[in-house]
>>> print(open('input-v6.txt').read())   # compact mmCIF, C-alpha atoms
# COMPACT_ATOMS: atom_id res chain seq x y z
CA MET A 1 90.38 27.71 119.45
CA SER A 2 92.82 30.63 119.39
CA ALA A 3 94.18 32.15 122.59
CA GLU A 4 92.28 35.37 121.92
CA ASN A 5 88.95 33.55 121.57
CA LEU A 6 89.64 31.58 124.72
CA GLU A 7 90.33 34.78 126.64
CA LEU A 8 87.13 36.36 125.31
CA THR A 9 85.10 33.29 126.29
CA GLU A 10 86.60 33.34 129.78
CA ARG A 11 85.83 37.04 130.07
CA LEU A 12 82.23 36.49 128.99
CA GLU A 13 81.84 33.66 131.48
CA LEU A 14 83.23 35.86 134.25
CA ILE A 15 80.75 38.65 133.40
CA GLN A 16 77.86 36.16 133.32
CA ASN A 17 78.91 34.78 136.72
CA MET A 18 79.09 38.32 138.10
CA MET A 19 75.59 39.09 136.79
CA ALA A 20 74.20 35.90 138.35
CA GLU A 21 75.87 36.84 141.64
CA GLY A 22 74.37 40.33 141.37
CA ARG A 23 70.91 38.86 140.87
CA ARG A 24 71.39 36.60 143.91
CA SER A 25 72.53 39.55 146.02
CA THR A 26 69.41 41.51 144.89
CA THR A 27 67.12 38.67 146.01
CA ARG A 28 68.89 38.63 149.40
CA TRP A 29 67.80 42.28 149.79
CA ALA A 30 64.21 41.65 148.63
CA TRP A 31 62.85 42.27 152.13
CA THR A 32 63.87 45.95 151.78
CA ILE A 33 61.67 46.26 148.65
CA VAL A 34 58.64 44.92 150.55
CA LEU A 35 59.48 46.98 153.65
CA TRP A 36 59.55 50.23 151.63
CA GLY A 37 56.33 49.27 149.85
CA VAL A 38 54.58 48.84 153.21
CA ALA A 39 56.14 52.13 154.40
CA PHE A 40 54.69 53.97 151.37
CA TYR A 41 51.23 52.56 152.18
CA VAL A 42 51.55 53.55 155.87
CA ALA A 43 52.63 57.09 154.94
CA ILE A 44 49.76 57.50 152.44
CA ALA A 45 47.18 56.16 154.93
CA TRP A 46 48.52 58.41 157.70
CA SER A 47 48.75 61.54 155.53
CA SER A 48 45.21 61.03 154.23
CA GLY A 49 43.86 60.82 157.80
CA MET A 50 42.95 57.14 157.78
CA PHE A 51 44.53 56.74 161.20
CA GLY A 52 46.06 59.00 163.79
CA GLY A 53 44.96 60.55 167.02
CA PRO A 54 45.76 63.36 169.41
CA ILE A 55 49.52 62.75 169.05
CA TRP A 56 49.82 61.24 165.59
CA GLY A 57 47.09 63.36 164.03
CA GLN A 58 49.58 65.76 162.45
CA HIS A 59 49.21 64.65 158.85
CA TYR A 60 52.08 66.74 157.49
CA MET A 61 54.43 64.66 159.65
CA ALA A 62 53.36 61.42 157.96
CA TRP A 63 55.89 61.30 155.11
CA PRO A 64 59.02 62.60 156.92
CA VAL A 65 58.43 60.42 160.01
CA THR A 66 57.61 57.24 158.06
CA MET A 67 60.48 57.65 155.60
CA ILE A 68 63.10 58.46 158.26
CA GLY A 69 61.78 55.63 160.48
CA THR A 70 61.95 53.13 157.61
CA TRP A 71 65.41 54.31 156.65
CA LEU A 72 66.67 53.79 160.23
CA LEU A 73 65.07 50.33 160.37
CA THR A 74 66.60 49.36 157.00
CA TRP A 75 70.00 50.63 158.12
CA ARG A 76 69.87 48.62 161.37
CA LEU A 77 68.72 45.39 159.71
CA ALA A 78 71.22 45.83 156.85
CA GLY A 79 74.02 46.31 159.40
CA ARG A 80 73.08 42.99 161.04
CA MET A 81 72.98 41.29 157.64
CA HIS A 82 76.46 42.59 156.81
CA LYS A 83 77.83 41.33 160.14
CA GLY A 84 76.42 37.85 159.59
CA ALA A 85 77.36 37.71 155.90
CA LYS A 86 79.65 34.84 154.93
CA ALA A 87 80.50 36.09 151.45
CA PRO A 88 82.55 39.29 150.88
CA ARG A 89 81.06 42.21 148.92
CA THR A 90 81.13 41.89 145.14
CA THR A 91 81.70 44.55 142.48
CA VAL A 92 78.15 44.18 141.13
CA GLY A 93 76.74 44.33 144.67
CA ARG A 94 78.69 47.57 145.22
CA ALA A 95 77.39 49.03 141.94
CA ILE A 96 73.75 48.22 142.78
CA MET A 97 74.14 49.63 146.28
CA SER A 98 75.65 52.82 144.80
CA ILE A 99 72.67 53.28 142.45
CA TRP A 100 70.12 52.96 145.28
CA THR A 101 72.16 55.16 147.66
CA ALA A 102 72.40 57.93 145.04
CA MET A 103 68.66 57.65 144.38
CA GLY A 104 67.92 57.90 148.12
CA ILE A 105 70.14 60.97 148.58
CA SER A 106 68.52 62.77 145.61
CA MET A 107 64.98 61.93 146.67
CA PHE A 108 65.53 63.11 150.22
CA ALA A 109 67.44 66.25 149.15
CA LEU A 110 64.85 67.35 146.58
CA LEU A 111 61.43 66.34 147.93
CA LEU A 112 61.87 68.30 151.15
CA PRO A 113 62.75 71.61 149.39
CA LEU A 114 60.03 71.01 146.76
CA GLY A 115 57.46 70.52 149.52
CA LEU A 116 58.71 73.34 151.75
CA SER A 117 58.88 75.89 148.91
CA GLY A 118 55.40 74.93 147.68
CA ARG A 119 56.68 74.77 144.08
CA ALA A 120 55.29 71.33 143.32
CA ASP A 121 51.77 69.96 143.74
CA GLN A 122 50.94 66.36 144.66
CA GLN A 123 50.98 65.18 141.03
CA VAL A 124 54.46 66.55 140.35
CA CYS A 125 55.77 65.04 143.62
CA VAL A 126 54.36 61.62 142.67
CA ALA A 127 55.95 61.96 139.20
CA VAL A 128 59.35 62.82 140.75
CA VAL A 129 59.24 59.82 143.14
CA ALA A 130 58.09 57.45 140.36
CA THR A 131 60.77 58.74 137.97
CA LEU A 132 63.54 58.22 140.51
CA LEU A 133 62.33 54.70 141.37
CA GLY A 134 62.05 53.95 137.64
CA THR A 135 65.64 55.11 137.11
CA ALA A 136 67.06 52.99 139.94
CA ASN A 137 65.10 49.88 138.91
CA ALA A 138 66.08 50.32 135.24
CA ALA A 139 69.78 50.81 136.03
CA SER A 140 69.87 47.74 138.31
CA SER A 141 67.94 45.58 135.84
CA ILE A 142 70.12 46.55 132.85
CA LEU A 143 73.22 45.77 134.93
CA ILE A 144 72.12 42.28 135.97
CA LYS A 145 69.90 41.60 132.91
CA TRP A 146 66.75 40.93 134.97
CA LYS A 147 63.57 41.33 132.90
CA ALA A 148 61.19 41.25 135.90
CA GLN A 149 62.96 44.26 137.43
CA PHE A 150 62.97 46.10 134.11
CA ALA A 151 59.19 45.55 133.97
CA CYS A 152 59.02 47.30 137.36
CA ALA A 153 60.96 50.24 135.91
CA VAL A 154 58.46 50.49 133.04
CA VAL A 155 55.54 50.43 135.52
CA TRP A 156 57.16 53.28 137.50
CA TRP A 157 57.70 55.33 134.30
CA LEU A 158 54.06 54.77 133.31
CA ALA A 159 52.95 55.83 136.80
CA SER A 160 55.05 58.99 136.45
CA ALA A 161 53.45 59.92 133.12
CA ALA A 162 49.95 58.94 134.33
CA SER A 163 50.37 61.14 137.38
CA LEU A 164 51.02 64.20 135.20
CA PHE A 165 48.36 63.49 132.55
CA GLY A 166 45.58 62.41 134.96
CA THR A 167 43.64 64.03 137.78
CA VAL A 168 44.79 64.08 141.44
CA THR A 169 42.78 60.92 142.18
CA GLN A 170 44.12 59.12 139.11
CA SER A 171 47.65 60.13 140.10
CA MET A 172 47.16 58.57 143.56
CA ILE A 173 45.66 55.39 142.06
CA ALA A 174 48.63 55.09 139.65
CA PHE A 175 51.07 55.48 142.55
CA LEU A 176 49.27 52.93 144.76
CA ALA A 177 49.13 50.41 141.89
CA ALA A 178 52.84 50.91 141.09
CA VAL A 179 53.76 50.42 144.78
CA PHE A 180 51.71 47.21 144.83
CA PHE A 181 53.26 45.69 141.70
CA CYS A 182 56.84 46.98 141.98
CA GLN A 183 57.37 46.82 145.74
CA ILE A 184 55.02 44.22 147.21
CA VAL A 185 54.58 41.72 144.34
CA PHE A 186 58.13 42.04 142.96
CA GLY A 187 59.62 41.98 146.50
CA ILE A 188 57.73 38.79 147.42
CA TYR A 189 58.69 37.22 144.08
CA ALA A 190 62.37 37.96 144.77
CA MET A 191 62.05 36.57 148.31
CA ILE A 192 60.52 33.34 146.95
CA LEU A 193 63.41 33.04 144.48
CA GLU A 194 65.91 33.48 147.31
CA SER A 195 64.25 30.91 149.58
CA ARG A 196 64.15 28.42 146.67
CA GLU A 197 67.83 28.97 146.04
CA GLN A 198 68.67 28.54 149.72
CA ARG A 199 66.69 25.30 149.86
CA GLN A 200 68.48 24.05 146.75
CA GLY A 201 71.82 25.02 148.28
CA ALA A 202 70.97 23.11 151.46
CA VAL A 203 69.96 20.02 149.44
CA ASN A 204 73.15 20.16 147.36
CA ALA A 205 75.29 20.57 150.50
CA MET B 1 96.89 27.71 157.83
CA GLU B 2 93.25 27.96 156.80
CA ARG B 3 93.08 31.54 158.06
CA ASP B 4 96.16 32.46 156.00
CA ALA B 5 94.56 31.03 152.87
CA LYS B 6 91.36 32.98 153.60
CA ASN B 7 93.33 36.20 154.16
CA THR B 8 95.23 35.71 150.90
CA GLU B 9 91.94 35.12 149.05
CA LEU B 10 90.41 38.25 150.58
CA THR B 11 93.49 40.34 149.71
CA GLU B 12 93.41 39.06 146.14
CA ARG B 13 89.70 39.85 145.89
CA LEU B 14 90.25 43.36 147.25
CA GLU B 15 93.11 43.90 144.80
CA LEU B 16 90.89 42.74 141.95
CA ILE B 17 88.11 45.14 143.00
CA SER B 18 90.63 48.03 143.33
CA SER B 19 92.05 47.33 139.87
CA MET B 20 88.49 47.14 138.44
CA ILE B 21 87.66 50.52 140.02
CA ALA B 22 90.86 52.02 138.57
CA ALA B 23 90.01 50.60 135.12
CA GLY B 24 86.46 51.97 135.45
CA ARG B 25 87.78 55.43 136.28
CA ARG B 26 90.13 55.31 133.29
CA SER B 27 87.25 54.34 131.01
CA SER B 28 85.12 57.17 132.50
CA GLU B 29 87.89 59.64 131.73
CA SER B 30 87.79 58.55 128.10
CA TRP B 31 84.11 59.65 128.07
CA GLY B 32 85.01 63.19 129.22
CA TRP B 33 84.02 64.57 125.79
CA THR B 34 80.35 63.60 126.40
CA PHE B 35 80.22 65.89 129.45
CA VAL B 36 81.57 68.79 127.38
CA LEU B 37 79.26 67.97 124.45
CA TRP B 38 76.14 67.96 126.66
CA GLY B 39 77.30 71.10 128.49
CA VAL B 40 77.58 72.93 125.17
CA ALA B 41 74.18 71.50 124.12
CA TYR B 42 72.57 72.91 127.30
CA TYR B 43 74.03 76.34 126.54
CA ILE B 44 72.83 76.24 122.92
CA ALA B 45 69.32 75.17 124.01
CA THR B 46 69.18 77.88 126.69
CA ALA B 47 70.34 80.60 124.29
CA TRP B 48 67.95 79.44 121.53
CA ALA B 49 64.98 79.28 123.93
CA MET B 50 65.77 82.71 125.44
CA TRP B 51 66.52 84.72 122.33
CA GLY B 52 64.65 82.71 119.72
CA HIS B 53 61.57 82.27 121.93
CA SER B 54 61.13 78.81 120.43
CA ASN B 55 59.43 75.83 122.10
CA LEU B 56 61.46 73.55 119.84
CA ALA B 57 64.81 74.68 121.28
CA TRP B 58 65.13 72.08 124.05
CA PRO B 59 63.63 69.01 122.30
CA VAL B 60 65.61 69.61 119.06
CA THR B 61 68.94 70.31 120.80
CA MET B 62 68.60 67.40 123.25
CA ILE B 63 67.60 64.86 120.57
CA SER B 64 70.46 66.05 118.30
CA ALA B 65 72.97 65.78 121.18
CA GLY B 66 71.61 62.30 121.99
CA VAL B 67 71.96 61.10 118.38
CA LEU B 68 75.47 62.59 118.05
CA SER B 69 76.60 61.03 121.36
CA SER B 70 75.29 57.59 120.43
CA VAL B 71 76.92 57.68 116.96
CA ILE B 72 80.34 58.64 118.38
CA ALA B 73 79.94 56.24 121.33
CA SER B 74 79.11 53.27 119.09
CA ARG B 75 82.27 53.98 117.06
CA MET B 76 84.32 54.21 120.26
CA THR B 77 83.03 50.97 121.76
CA ARG B 78 83.26 48.89 118.55
CA GLY B 79 85.65 45.98 119.17
CA GLN B 80 86.28 47.02 122.77
CA PRO B 81 85.72 44.33 125.45
CA GLU B 82 82.92 45.07 127.94
CA THR B 83 83.74 45.47 131.64
CA MET B 84 81.32 45.06 134.55
CA LEU B 85 81.87 48.58 135.89
CA GLY B 86 81.50 49.98 132.36
CA ARG B 87 78.15 48.17 132.12
CA ALA B 88 77.09 49.57 135.52
CA ILE B 89 77.91 53.17 134.60
CA GLY B 90 76.33 52.81 131.15
CA ALA B 91 73.17 51.44 132.79
CA VAL B 92 72.98 54.40 135.20
CA TRP B 93 73.30 57.05 132.47
CA ALA B 94 70.96 55.26 130.03
CA SER B 95 68.24 54.94 132.71
CA MET B 96 68.70 58.56 133.71
CA GLY B 97 68.30 59.65 130.07
CA ILE B 98 65.08 57.64 129.56
CA SER B 99 63.60 58.89 132.86
CA LEU B 100 64.46 62.52 132.18
CA PHE B 101 62.98 62.30 128.67
CA ILE B 102 59.70 60.79 129.95
CA VAL B 103 59.17 63.21 132.83
CA LEU B 104 60.15 66.39 130.93
CA ILE B 105 58.05 65.52 127.86
CA SER B 106 55.07 64.71 130.15
CA LEU B 107 55.51 67.98 132.06
CA GLY B 108 55.71 69.93 128.79
CA MET B 109 52.75 68.22 127.13
CA THR B 110 50.45 68.65 130.14
CA GLY B 111 51.18 72.38 130.27
CA ARG B 112 52.89 72.14 133.64
CA TYR B 113 55.98 74.00 132.40
CA ASP B 114 57.49 75.81 135.35
CA THR B 115 61.15 76.88 135.27
CA HIS B 116 61.65 76.05 138.95
CA VAL B 117 60.28 72.52 138.66
CA PHE B 118 62.11 71.87 135.35
CA MET B 119 65.47 73.02 136.73
CA ALA B 120 64.93 71.12 139.98
CA ILE B 121 64.16 67.86 138.15
CA ILE B 122 67.08 68.21 135.70
CA GLY B 123 69.47 69.02 138.59
CA MET B 124 68.17 66.10 140.66
CA MET B 125 68.48 63.54 137.85
CA LEU B 126 72.00 64.66 136.88
CA ALA B 127 72.98 64.62 140.58
CA THR B 128 71.68 61.04 140.91
CA ALA B 129 73.62 59.77 137.88
CA ASN B 130 76.82 61.59 138.89
CA ALA B 131 76.54 60.41 142.51
CA ALA B 132 75.94 56.78 141.50
CA SER B 133 78.94 56.82 139.11
CA ALA B 134 81.10 58.58 141.72
CA ILE B 135 80.27 56.05 144.46
CA ILE B 136 80.90 53.13 142.07
CA LEU B 137 84.28 54.57 140.97
CA LYS B 138 85.18 56.18 144.31
CA TRP B 139 85.84 59.41 142.40
CA LYS B 140 85.62 62.48 144.66
CA MET B 141 85.65 64.99 141.79
CA GLN B 142 82.52 63.44 140.30
CA PHE B 143 80.84 63.35 143.70
CA ALA B 144 81.55 67.09 143.97
CA SER B 145 79.75 67.49 140.60
CA ALA B 146 76.77 65.60 142.04
CA ALA B 147 76.73 67.94 145.05
CA VAL B 148 76.80 71.01 142.75
CA TRP B 149 73.85 69.66 140.69
CA LEU B 150 71.90 68.93 143.85
CA GLY B 151 72.68 72.43 145.11
CA SER B 152 71.36 73.91 141.85
CA ALA B 153 68.17 71.81 142.20
CA VAL B 154 67.57 73.12 145.72
CA ALA B 155 68.35 76.69 144.59
CA ALA B 156 65.77 76.30 141.81
CA CYS B 157 63.13 75.46 144.46
CA PHE B 158 63.79 78.45 146.71
CA GLY B 159 65.13 81.16 144.36
CA THR B 160 63.49 83.43 141.80
CA GLU B 161 63.28 82.43 138.12
CA ASP B 162 66.49 84.36 137.30
CA GLN B 163 68.30 82.76 140.20
CA ALA B 164 67.14 79.31 139.05
CA TRP B 165 68.61 79.99 135.58
CA ILE B 166 71.88 81.31 137.02
CA ALA B 167 72.22 78.23 139.26
CA PHE B 168 71.57 75.95 136.26
CA LEU B 169 74.07 77.75 134.00
CA ALA B 170 76.73 77.77 136.74
CA ALA B 171 76.20 74.05 137.46
CA THR B 172 76.44 73.31 133.72
CA PHE B 173 79.74 75.21 133.58
CA PHE B 174 81.33 73.45 136.57
CA CYS B 175 79.88 69.95 136.21
CA GLN B 176 79.86 69.59 132.42
CA ILE B 177 82.50 71.89 130.94
CA VAL B 178 85.10 72.06 133.75
CA PHE B 179 84.67 68.44 134.88
CA GLY B 180 84.60 67.19 131.26
CA VAL B 181 87.78 69.08 130.34
CA TYR B 182 89.44 67.81 133.56
CA ALA B 183 88.56 64.20 132.63
CA MET B 184 89.91 64.75 129.11
CA ILE B 185 93.17 66.17 130.49
CA CYS B 186 93.51 63.15 132.83
CA GLU B 187 93.00 60.83 129.88
CA SER B 188 95.50 62.59 127.59
CA ARG B 189 98.10 62.62 130.41
CA ARG B 190 97.60 58.90 130.96
CA ARG B 191 97.92 58.23 127.22
CA ARG B 192 101.11 60.27 127.02
CA SER B 193 102.63 58.46 129.99
CA GLY B 194 101.53 55.16 128.37
CA VAL B 195 103.36 56.12 125.16
CA VAL B 196 106.49 57.05 127.15
CA HIS B 197 106.39 53.70 129.01
CA ALA B 198 105.82 51.78 125.77
>>> encode(input="input-v6.txt", output="structure tokens")
Amino acid sequence: MSAENLELTERLELIQNMMAEGRRSTTRWAWTIVLWGVAFYVAIAWSSGMFGGPIWGQHYMAWPVTMIGTWLLTWRLAGRMHKGAKAPRTTVGRAIMSIWTAMGISMFALLLPLGLSGRADQQVCVAVVATLLGTANAASSILIKWKAQFACAVVWWLASAASLFGTVTQSMIAFLAAVFFCQIVFGIYAMILESREQRQGAVNA
Amino acid sequence: MERDAKNTELTERLELISSMIAAGRRSSESWGWTFVLWGVAYYIATAWAMWGHSNLAWPVTMISAGVLSSVIASRMTRGQPETMLGRAIGAVWASMGISLFIVLISLGMTGRYDTHVFMAIIGMMLATANAASAIILKWKMQFASAAVWLGSAVAACFGTEDQAWIAFLAATFFCQIVFGVYAMICESRRRRSGVVHA
């Protein structure tokens, strides 16, 4: 084998190792996917008046309070995870984190003005959220070549289109279904993968 | 002894990451022409839609720009080795393109065309892609572009229709034309200094 071929093979192996590491680091963060899925459900239930009371009966507060609360919780738990982490940050981990951070900034910076200015109705807001989540899932899945996550991106894109083509009720059903499949089911699947890997690691050690 | 070895490993790892970021930024600079190309495409589409009063202006111009970009890009990348950061940035922009296409086509087909919402969504998606690339590459200039796009998206929500258009055209000028030309200048300078060193 020529030196050039050997270098190319080594390079390919390195990229494959990096992708595998990226997938492992995504499964370590699977709890955040489930946490945000539950937060979406809580915000929807609260804003539609399913629970509340004299203090928490202000339905317009549902989304800002739930989202900011979840963000603070994620931040705190992520900080603890970073402190206890044995392995240093990887390039792929950094890239994935950058994608989700950028998505978070955009969502927060646009949904508030869209809501406050009254420019967008519920269907457009659902489409915007679904599109952004589709983008972040697609970018992460293409980077680490993970078909299950790309399927989530497709579900989010379908939810975005369904929200605009359907009625208000259909838009809400599409959003709830996408949250269930892409946050709860996919999050639990990733957590199972991580626990399996940890068990295997413990057995091998 | 063990701590020294660990420190050396960490330093090497950090150096490797820094060199990967630098290589990623260099490869981004070589894509500066795409920013300029898309900036010009936005201007053509805007002018055609305004003066030609044609509904085809945006779809035709965007699809043509997409085809032209992919043809030139495939020629550029032929025979070039793939890097991890290159893959990451490619993934971000490809996903953004698919998402933007789906949401804008859906908005158009369902008759929900509203300049404010259109401009806000375009600004938000371009801000997301620029911000993700900028954080990956630690490139402040690109992060400034993301901030300008986000500013134009917010302006589209609160301003009048004319103000929304002005914000969009100004953001296109700064974030596509100026930033694209800046990236191209950086690349040509680097090439020239490479030739001198060779």
>>> atom_distance(input="input-v6.txt", atom1="CA of Ala153 (chain B)", atom2="CA of Ala167 (chain B)")
8.1 Å
>>> atom_distance(input="input-v6.txt", atom1="CA of Ala41 (chain B)", atom2="CA of Ala22 (chain B)")
29.4 Å
>>> residues_around(input="input-v6.txt", residues="Met76 (chain B)", least_positions_apart="3", cutoff="12 Å", atoms="only C-alpha atoms", output="list in words")
Ser27, Ser30, Trp31, Trp33, Thr34, Ser69, Ser70, Val71, Ile72, Ala73, Gly79, Gln80 and Pro81 of chain B
>>> interface_residues(input="input-v6.txt", of="chain B", to="chain A", cutoff="9 Å", atoms="only C-alpha atoms", output="ChimeraX atom specification")
/B:10,13,17,20-21,81-85,87-100,102-103,105-107,109-110,112,114,116-117,120-121,124-125,127-137,150,153-155,157-158
>>> write_last_selection(input="input-v6.txt", atoms="C-alpha atoms", output="PDB file, in the frame of the given file")
ATOM      1  CA  LEU B  10      90.410  38.250 150.580  1.00  0.00           C
ATOM      2  CA  ARG B  13      89.700  39.850 145.890  1.00  0.00           C
ATOM      3  CA  ILE B  17      88.110  45.140 143.000  1.00  0.00           C
ATOM      4  CA  MET B  20      88.490  47.140 138.440  1.00  0.00           C
ATOM      5  CA  ILE B  21      87.660  50.520 140.020  1.00  0.00           C
ATOM      6  CA  PRO B  81      85.720  44.330 125.450  1.00  0.00           C
ATOM      7  CA  GLU B  82      82.920  45.070 127.940  1.00  0.00           C
ATOM      8  CA  THR B  83      83.740  45.470 131.640  1.00  0.00           C
ATOM      9  CA  MET B  84      81.320  45.060 134.550  1.00  0.00           C
ATOM     10  CA  LEU B  85      81.870  48.580 135.890  1.00  0.00           C
ATOM     11  CA  ARG B  87      78.150  48.170 132.120  1.00  0.00           C
ATOM     12  CA  ALA B  88      77.090  49.570 135.520  1.00  0.00           C
ATOM     13  CA  ILE B  89      77.910  53.170 134.600  1.00  0.00           C
ATOM     14  CA  GLY B  90      76.330  52.810 131.150  1.00  0.00           C
ATOM     15  CA  ALA B  91      73.170  51.440 132.790  1.00  0.00           C
ATOM     16  CA  VAL B  92      72.980  54.400 135.200  1.00  0.00           C
ATOM     17  CA  TRP B  93      73.300  57.050 132.470  1.00  0.00           C
ATOM     18  CA  ALA B  94      70.960  55.260 130.030  1.00  0.00           C
ATOM     19  CA  SER B  95      68.240  54.940 132.710  1.00  0.00           C
ATOM     20  CA  MET B  96      68.700  58.560 133.710  1.00  0.00           C
ATOM     21  CA  GLY B  97      68.300  59.650 130.070  1.00  0.00           C
ATOM     22  CA  ILE B  98      65.080  57.640 129.560  1.00  0.00           C
ATOM     23  CA  SER B  99      63.600  58.890 132.860  1.00  0.00           C
ATOM     24  CA  LEU B 100      64.460  62.520 132.180  1.00  0.00           C
ATOM     25  CA  ILE B 102      59.700  60.790 129.950  1.00  0.00           C
ATOM     26  CA  VAL B 103      59.170  63.210 132.830  1.00  0.00           C
ATOM     27  CA  ILE B 105      58.050  65.520 127.860  1.00  0.00           C
ATOM     28  CA  SER B 106      55.070  64.710 130.150  1.00  0.00           C
ATOM     29  CA  LEU B 107      55.510  67.980 132.060  1.00  0.00           C
ATOM     30  CA  MET B 109      52.750  68.220 127.130  1.00  0.00           C
ATOM     31  CA  THR B 110      50.450  68.650 130.140  1.00  0.00           C
ATOM     32  CA  ARG B 112      52.890  72.140 133.640  1.00  0.00           C
ATOM     33  CA  ASP B 114      57.490  75.810 135.350  1.00  0.00           C
ATOM     34  CA  HIS B 116      61.650  76.050 138.950  1.00  0.00           C
ATOM     35  CA  VAL B 117      60.280  72.520 138.660  1.00  0.00           C
ATOM     36  CA  ALA B 120      64.930  71.120 139.980  1.00  0.00           C
ATOM     37  CA  ILE B 121      64.160  67.860 138.150  1.00  0.00           C
ATOM     38  CA  MET B 124      68.170  66.100 140.660  1.00  0.00           C
ATOM     39  CA  MET B 125      68.480  63.540 137.850  1.00  0.00           C
ATOM     40  CA  ALA B 127      72.980  64.620 140.580  1.00  0.00           C
ATOM     41  CA  THR B 128      71.680  61.040 140.910  1.00  0.00           C
ATOM     42  CA  ALA B 129      73.620  59.770 137.880  1.00  0.00           C
ATOM     43  CA  ASN B 130      76.820  61.590 138.890  1.00  0.00           C
ATOM     44  CA  ALA B 131      76.540  60.410 142.510  1.00  0.00           C
ATOM     45  CA  ALA B 132      75.940  56.780 141.500  1.00  0.00           C
ATOM     46  CA  SER B 133      78.940  56.820 139.110  1.00  0.00           C
ATOM     47  CA  ALA B 134      81.100  58.580 141.720  1.00  0.00           C
ATOM     48  CA  ILE B 135      80.270  56.050 144.460  1.00  0.00           C
ATOM     49  CA  ILE B 136      80.900  53.130 142.070  1.00  0.00           C
ATOM     50  CA  LEU B 137      84.280  54.570 140.970  1.00  0.00           C
ATOM     51  CA  LEU B 150      71.900  68.930 143.850  1.00  0.00           C
ATOM     52  CA  ALA B 153      68.170  71.810 142.200  1.00  0.00           C
ATOM     53  CA  VAL B 154      67.570  73.120 145.720  1.00  0.00           C
ATOM     54  CA  ALA B 155      68.350  76.690 144.590  1.00  0.00           C
ATOM     55  CA  CYS B 157      63.130  75.460 144.460  1.00  0.00           C
ATOM     56  CA  PHE B 158      63.790  78.450 146.710  1.00  0.00           C
TER      57      PHE B 158
END
>>> atom_distance(input="input-v6.txt", atom1="CA of Ala49 (chain B)", atom2="CA of Trp149 (chain B)")
21.3 Å
